[in-house]
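*Asks:* Got a structure for you, written out below as structure tokens; questions coming shortly.
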Amino acid sequence: PLNELRLKESPKETEDPINSKKALVAVTMGSESDSSVLAPGIKLLEQLEIPITVTITSAHRTPEKMMQFATEAAEKGIKVIIAAAGGAAHLPGMIAAHTWLPVIGIPVRGSVLDGQDSLLSIVQMPRGCPVATVAINNSINAAQLAARILASSDINADIRKRLKQHLADQTSSVLEASARMER
Ligand code: RP5
């Protein structure tokens, strides 16, 4: 598109500005209006001290930026991509088409159709181009799935430790809630 900015040559690695570490997870969304859906997932990734990047890359409105983002992610050191989109939600699938990295798709609930449109657009990828689809608006599950993928590698033993603690805390909070109401 004529109005789309040509991106400058990108560095080989990207840094998480908060952690000052090489980013492992790239979080992207189709529109700024998706950001509130992503907020809890981003918070969890930060809690688990997983270095991330966060961007807006629209498959429809900034297709060149999206393609560059997806094609360069692996060489920048990204291990997992999380992509959120609503409506005719092509973003996660189009990103998966331009990278070999695992892509996790979050269907965003829009103002119509209750997010069923986004869910089906993302989950119904044709064979050969998988997108791991989480529940509608469930950025927490996307973040936890990304953490599980990273934790499966022995290089990320520190992330594995924090993830296991998080899972244990999750269990404890349910047991504590039950204990408070049991009678
Ligand atoms: C999609 O269209 C975005 O992911 C968003 O969920 C939806 C609506 O976008 P806006 O019109 O709010 O920018 O591309």
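For the structure tokens, the naming scheme is as follows: chains receive sequential letters (A, B, ...) according to their order of presentation, residues are indexed from 1 within each chain, and ligands are indexed from 1 in presentation order.
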Which residues, written as a VMD selection string, have at least one atom at most 8 Å from A:Ala74, with only C-alpha atoms counted and residues fewer than 6 positions away on the same chain left out?
*Replies:* chain A and resid 99 to 101
*Asks:* Report as an MDAnalysis selection string which protein, DNA and RNA residues come within 10 Å of ligand 1, using only C-alpha atoms and all ligand atoms.
*Replies:* chainID A and resid 28:35 37 56:61 83:92 106:111 115 118
*Asks:* Can you tell me, as a CSV table (one decimal) with C-alpha atoms, in the first residue's frame, what residues are no more than 9 Å from stretch 39-46 of chain A when counting only C-alpha atoms, ignoring any on the same chain fewer than 6 positions away?
*Replies:*
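Written out: part.csv:
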```csv
chain,number,residue,atom,x,y,z
A,18,ILE,CA,11.8,-3.6,30.1
A,19,ASN,CA,14.0,-6.6,30.7
A,25,VAL,CA,8.3,-14.1,22.4
A,27,VAL,CA,3.4,-10.4,20.8
A,52,ILE,CA,9.0,-9.9,24.8
A,54,VAL,CA,4.9,-5.9,21.4
A,138,ASN,CA,-7.8,-15.8,26.3
A,139,SER,CA,-4.4,-14.1,26.2
A,140,ILE,CA,-3.5,-15.8,29.5
A,141,ASN,CA,-3.6,-19.2,27.8
A,142,ALA,CA,-1.6,-17.9,24.9
A,143,ALA,CA,1.0,-16.6,27.3
A,144,GLN,CA,1.1,-19.8,29.3
A,146,ALA,CA,4.3,-19.8,24.9
A,147,ALA,CA,5.9,-20.2,28.3
```
*Asks:* Could you give me, as a tab-separated table, a per-residue list for stretch 30-82 of chain A showing, wherever an atom lies at most 9 Å from an atom of stretch 149-170 of chain A, the closest pair of atoms and their distance in Å to one decimal, using only C-alpha atoms and sorting by chain then residue number from low to high?
*Replies:*
```
residue	atom	partner	partner_atom	distance
A:Gln47	CA	A:Arg162	CA	8.9
A:Leu48	CA	A:Arg162	CA	6.0
A:Glu49	CA	A:Ile159	CA	7.5
A:Ile50	CA	A:Ile159	CA	7.2
A:Lys79	CA	A:Leu150	CA	7.4
A:Val80	CA	A:Ile149	CA	7.8
```
*Asks:* Would you save the residues of that selection, restricted to C-alpha atoms, as a tab-separated table (two decimals), in the first residue's frame?
*Replies:*
```
chain	number	residue	atom	x	y	z
A	47	GLN	CA	5.62	-11.99	35.59
A	48	LEU	CA	7.42	-15.08	34.26
A	49	GLU	CA	10.31	-12.77	33.23
A	50	ILE	CA	10.05	-13.81	29.61
A	79	LYS	CA	11.08	-18.50	19.56
A	80	VAL	CA	7.28	-18.11	19.69
```
*Asks:* Write down as a list in words the residues of chain A whose backbone DSSP state falls under strand (DSSP E).
*Replies:*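 Everything in chain A that counts as strand (DSSP E) is Glu15, Asp16, Lys21, Lys22, Val25, Ala26, Val27, Thr28, Met29, Ile52, Thr53, Val54, Thr55, Ile56, Val80, Ile81, Ile82, Ala83, Ala84, Ala85, Gly86, Val103, Ile104, Gly105, Ile106, Pro107, Val108, Ala132 and Thr133 of chain A.
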*Asks:* Emit the selected residues as an mmCIF file, in the first residue's frame, including C-alpha atoms.
*Replies:*
```
data_model
loop_
_atom_site.group_PDB
_atom_site.id
_atom_site.type_symbol
_atom_site.label_atom_id
_atom_site.label_comp_id
_atom_site.auth_asym_id
_atom_site.auth_seq_id
_atom_site.Cartn_x
_atom_site.Cartn_y
_atom_site.Cartn_z
ATOM 1 C CA GLU A 15 15.573 -6.381 22.946
ATOM 2 C CA ASP A 16 12.788 -6.284 25.469
ATOM 3 C CA LYS A 21 17.209 -8.996 27.323
ATOM 4 C CA LYS A 22 16.934 -10.580 23.908
ATOM 5 C CA VAL A 25 8.298 -14.073 22.436
ATOM 6 C CA ALA A 26 6.891 -11.605 19.906
ATOM 7 C CA VAL A 27 3.392 -10.440 20.752
ATOM 8 C CA THR A 28 1.530 -8.750 17.942
ATOM 9 C CA MET A 29 -2.025 -7.604 17.286
ATOM 10 C CA ILE A 52 8.996 -9.931 24.788
ATOM 11 C CA THR A 53 8.362 -7.480 21.998
ATOM 12 C CA VAL A 54 4.912 -5.949 21.447
ATOM 13 C CA THR A 55 3.778 -4.532 18.089
ATOM 14 C CA ILE A 56 0.749 -3.816 15.933
ATOM 15 C CA VAL A 80 7.285 -18.114 19.695
ATOM 16 C CA ILE A 81 4.874 -15.622 18.135
ATOM 17 C CA ILE A 82 1.554 -14.677 19.714
ATOM 18 C CA ALA A 83 -0.852 -12.979 17.299
ATOM 19 C CA ALA A 84 -4.260 -11.577 18.231
ATOM 20 C CA ALA A 85 -6.882 -10.466 15.744
ATOM 21 C CA GLY A 86 -10.607 -10.004 15.375
ATOM 22 C CA VAL A 103 2.387 -19.228 16.113
ATOM 23 C CA ILE A 104 -0.286 -18.944 18.792
ATOM 24 C CA GLY A 105 -3.486 -17.239 17.680
ATOM 25 C CA ILE A 106 -5.867 -15.349 19.954
ATOM 26 C CA PRO A 107 -9.335 -14.776 18.489
ATOM 27 C CA VAL A 108 -10.520 -11.336 19.613
ATOM 28 C CA ALA A 132 -2.259 -23.008 17.874
ATOM 29 C CA THR A 133 -5.576 -21.370 18.665
#
```
*Asks:* Point out the residue among A:Met67, A:Ile78, A:Ala177, A:Ile136 with the least atom-to-atom distance to A:Ser121, counting only C-alpha atoms.
*Replies:*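 Closest to A:Ser121 of all the choices is A:Ile136.
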*Asks:* Measuring between only C-alpha atoms, which one of A:Ile122, A:Val112, A:Met94, A:Ala23 shows the shortest distance to A:Gln68?
*Replies:*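 Among the listed residues, the smallest separation from A:Gln68 belongs to A:Met94.
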*Asks:* Quick one: pull the distance between atom CA of A:Val123 and atom CA of A:Lys76, Å, one decimal.
*Replies:* 26.8 Å
*Asks:* Mind giving me the straight-line distance from atom CA of A:Gly93 to atom CA of A:Ala135 in Å, one decimal?
*Replies:*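 Atom-to-atom, atom CA of A:Gly93 to atom CA of A:Ala135, that is 15.9 Å.
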*Asks:* Please indicate the distance in Å from atom CA of A:Pro102 to atom CA of A:Cys129, rounded to one decimal place.
*Replies:*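 Going from atom CA of A:Pro102 over to atom CA of A:Cys129 covers 9.9 Å.
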*Asks:* I need the alpha helix (DSSP H) residues of stretch 23-143 of chain A per DSSP on the backbone, written as a VMD selection string.
*Replies:* chain A and resid 35 to 47 63 to 73 91 to 97 116 to 123 139 to 143
*Asks:* Using only C-alpha atoms, pick whichever of A:Leu175, A:Leu113, A:Ala97, A:Leu145 has the shortest atom-to-atom distance to A:Pro130.
*Replies:*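 Checking each of A:Leu175, A:Leu113, A:Ala97, A:Leu145 against A:Pro130, counting only C-alpha atoms, the winner is A:Ala97.
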